[in-house]
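Asks: Right, I'll just put the structure down here and ask away after.
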Amino acid sequence: MQTSIPPTLESAAEILRLLGQPIRLQILLVIGSEEVCVCHLEALIGLRQAVISQHLMGLRKAGLVLARRKGRFMYYRLANADVLELVLRAAELGGLDSAALLNQYSRVVPGCHCSRCAPK
Ligand SMILES: [Zn+2]
């Protein structure tokens with residue numbers, strides 16, 4: 001019986017590299033439960049839209065995040081719910097409370113004008 005060549009796991013390592021920045025984990029936590037506009041990400045994370053968009057682009061290129069245009073804004077969601085699980089498990093390994101994180105990042109933001117925080 002031939003032994004198979006062990007996979008190098010390069011693609012898995014690449015995913016972890018892409019996730020290896022706290023701001024990217026924040027973005028994934030925010031969009032993990034529902035699709036949001038970039039303005040909501042800006043309001044919740046508290047960084048400029050240009051910075052957030054740059055990270056979103058990296059996550060989109062990797063196929064982890066999907067985007068669609070609706071009116072004036074771009075909306076983002078996870079391509080696969082497994083990504084959120086991965087982030088939550090990593091947070092737990094880091095000694096964080098994943099339920100508390102989910103609450104924190106799915107909250108409504110006062111002053112945010114998105115359809116989720118300020119429904120018409
Ligand atoms: Zn909002």
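Please note that chains go A, B, ... in the order of the structure tokens, that every chain numbers its residues from 1, and that ligands are numbered from 1 in the order shown.
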Compute the set of protein, DNA and RNA residues whose minimum atom distance to ligand 1 is at most 7 Å, using only C-alpha atoms and all ligand atoms, and state it as number ranges by chain.

Replies: A: 39-40, 43, 108-109, 112-118

Asks: Name the residues of chain A that come out as helix (DSSP H, G or I) in a backbone DSSP run; write them as number ranges by chain.

Replies: A: 10-19, 22-31, 38-45, 49-61, 81-93, 98-105

Asks: Could the residues in this selection be saved with C-alpha atoms as a PDB file, in the first residue's frame?

Replies:
```pdb
ATOM      1  CA  GLU A  10      -0.264  25.761   3.102  1.00  0.00           C
ATOM      2  CA  SER A  11      -3.830  26.805   2.297  1.00  0.00           C
ATOM      3  CA  ALA A  12      -4.856  26.431   5.959  1.00  0.00           C
ATOM      4  CA  ALA A  13      -1.826  28.438   7.082  1.00  0.00           C
ATOM      5  CA  GLU A  14      -2.773  31.133   4.576  1.00  0.00           C
ATOM      6  CA  ILE A  15      -6.263  31.449   6.099  1.00  0.00           C
ATOM      7  CA  LEU A  16      -4.773  31.835   9.568  1.00  0.00           C
ATOM      8  CA  ARG A  17      -2.311  34.431   8.290  1.00  0.00           C
ATOM      9  CA  LEU A  18      -5.177  36.405   6.758  1.00  0.00           C
ATOM     10  CA  LEU A  19      -7.045  36.316  10.061  1.00  0.00           C
ATOM     11  CA  PRO A  22      -7.300  41.985  15.549  1.00  0.00           C
ATOM     12  CA  ILE A  23      -9.159  44.409  13.263  1.00  0.00           C
ATOM     13  CA  ARG A  24      -9.950  41.577  10.840  1.00  0.00           C
ATOM     14  CA  LEU A  25     -11.321  39.504  13.700  1.00  0.00           C
ATOM     15  CA  GLN A  26     -13.460  42.474  14.723  1.00  0.00           C
ATOM     16  CA  ILE A  27     -14.840  42.812  11.194  1.00  0.00           C
ATOM     17  CA  LEU A  28     -15.670  39.108  11.027  1.00  0.00           C
ATOM     18  CA  LEU A  29     -17.406  39.265  14.417  1.00  0.00           C
ATOM     19  CA  VAL A  30     -19.568  42.184  13.261  1.00  0.00           C
ATOM     20  CA  ILE A  31     -20.623  40.598   9.980  1.00  0.00           C
ATOM     21  CA  VAL A  38     -19.568  49.473   5.739  1.00  0.00           C
ATOM     22  CA  CYS A  39     -20.959  52.504   7.605  1.00  0.00           C
ATOM     23  CA  HIS A  40     -22.043  50.179  10.420  1.00  0.00           C
ATOM     24  CA  LEU A  41     -18.583  48.626  10.591  1.00  0.00           C
ATOM     25  CA  GLU A  42     -17.123  52.112  10.775  1.00  0.00           C
ATOM     26  CA  ALA A  43     -19.469  53.134  13.608  1.00  0.00           C
ATOM     27  CA  LEU A  44     -19.002  49.963  15.626  1.00  0.00           C
ATOM     28  CA  ILE A  45     -15.266  49.432  15.256  1.00  0.00           C
ATOM     29  CA  GLN A  49     -13.886  53.637   6.414  1.00  0.00           C
ATOM     30  CA  ALA A  50     -10.716  53.594   4.297  1.00  0.00           C
ATOM     31  CA  VAL A  51      -8.929  51.441   6.857  1.00  0.00           C
ATOM     32  CA  ILE A  52     -11.863  49.067   7.204  1.00  0.00           C
ATOM     33  CA  SER A  53     -12.309  48.829   3.420  1.00  0.00           C
ATOM     34  CA  GLN A  54      -8.670  47.876   3.007  1.00  0.00           C
ATOM     35  CA  HIS A  55      -9.069  44.941   5.399  1.00  0.00           C
ATOM     36  CA  LEU A  56     -12.378  43.969   3.809  1.00  0.00           C
ATOM     37  CA  MET A  57     -10.624  43.788   0.462  1.00  0.00           C
ATOM     38  CA  GLY A  58      -8.076  41.330   1.838  1.00  0.00           C
ATOM     39  CA  LEU A  59     -10.829  39.184   3.330  1.00  0.00           C
ATOM     40  CA  ARG A  60     -12.829  39.305   0.078  1.00  0.00           C
ATOM     41  CA  LYS A  61      -9.844  38.285  -2.036  1.00  0.00           C
ATOM     42  CA  ALA A  81     -20.437  30.503   8.793  1.00  0.00           C
ATOM     43  CA  ASP A  82     -17.398  28.346   9.598  1.00  0.00           C
ATOM     44  CA  VAL A  83     -15.303  31.524   9.536  1.00  0.00           C
ATOM     45  CA  LEU A  84     -17.195  32.898  12.533  1.00  0.00           C
ATOM     46  CA  GLU A  85     -16.741  29.593  14.371  1.00  0.00           C
ATOM     47  CA  LEU A  86     -13.016  29.751  13.708  1.00  0.00           C
ATOM     48  CA  VAL A  87     -12.799  33.306  15.084  1.00  0.00           C
ATOM     49  CA  LEU A  88     -14.815  32.385  18.181  1.00  0.00           C
ATOM     50  CA  ARG A  89     -12.719  29.293  18.901  1.00  0.00           C
ATOM     51  CA  ALA A  90      -9.527  31.329  18.485  1.00  0.00           C
ATOM     52  CA  ALA A  91     -10.909  33.945  20.893  1.00  0.00           C
ATOM     53  CA  GLU A  92     -11.619  31.229  23.453  1.00  0.00           C
ATOM     54  CA  LEU A  93      -8.095  29.851  23.079  1.00  0.00           C
ATOM     55  CA  SER A  98     -16.990  34.213  22.944  1.00  0.00           C
ATOM     56  CA  ALA A  99     -20.618  34.860  23.986  1.00  0.00           C
ATOM     57  CA  ALA A 100     -19.670  38.275  25.362  1.00  0.00           C
ATOM     58  CA  LEU A 101     -17.766  39.050  22.168  1.00  0.00           C
ATOM     59  CA  LEU A 102     -20.754  38.139  20.022  1.00  0.00           C
ATOM     60  CA  ASN A 103     -22.975  40.431  22.107  1.00  0.00           C
ATOM     61  CA  GLN A 104     -20.489  43.254  21.919  1.00  0.00           C
ATOM     62  CA  TYR A 105     -20.112  43.038  18.147  1.00  0.00           C
TER      63      TYR A 105
END
```

Asks: Between A:Arg77, A:Pro119, A:Gly111, A:Gly94, which one has atoms that come closest to Gly32 of chain A, using only C-alpha atoms?

Replies: A:Arg77

Asks: I need the strand (DSSP E) residues of segment 33-116 of chain A per DSSP on the backbone, written as a VMD selection string.

Replies: chain A and resid 36 to 37 65 to 70 73 to 78

Asks: To one decimal place, how far is atom CA of Phe73 of chain A from atom CA of Ser106 of chain A in Å?

Replies: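 Taking atom CA of Phe73 of chain A and atom CA of Ser106 of chain A, their separation equals 19.3 Å.
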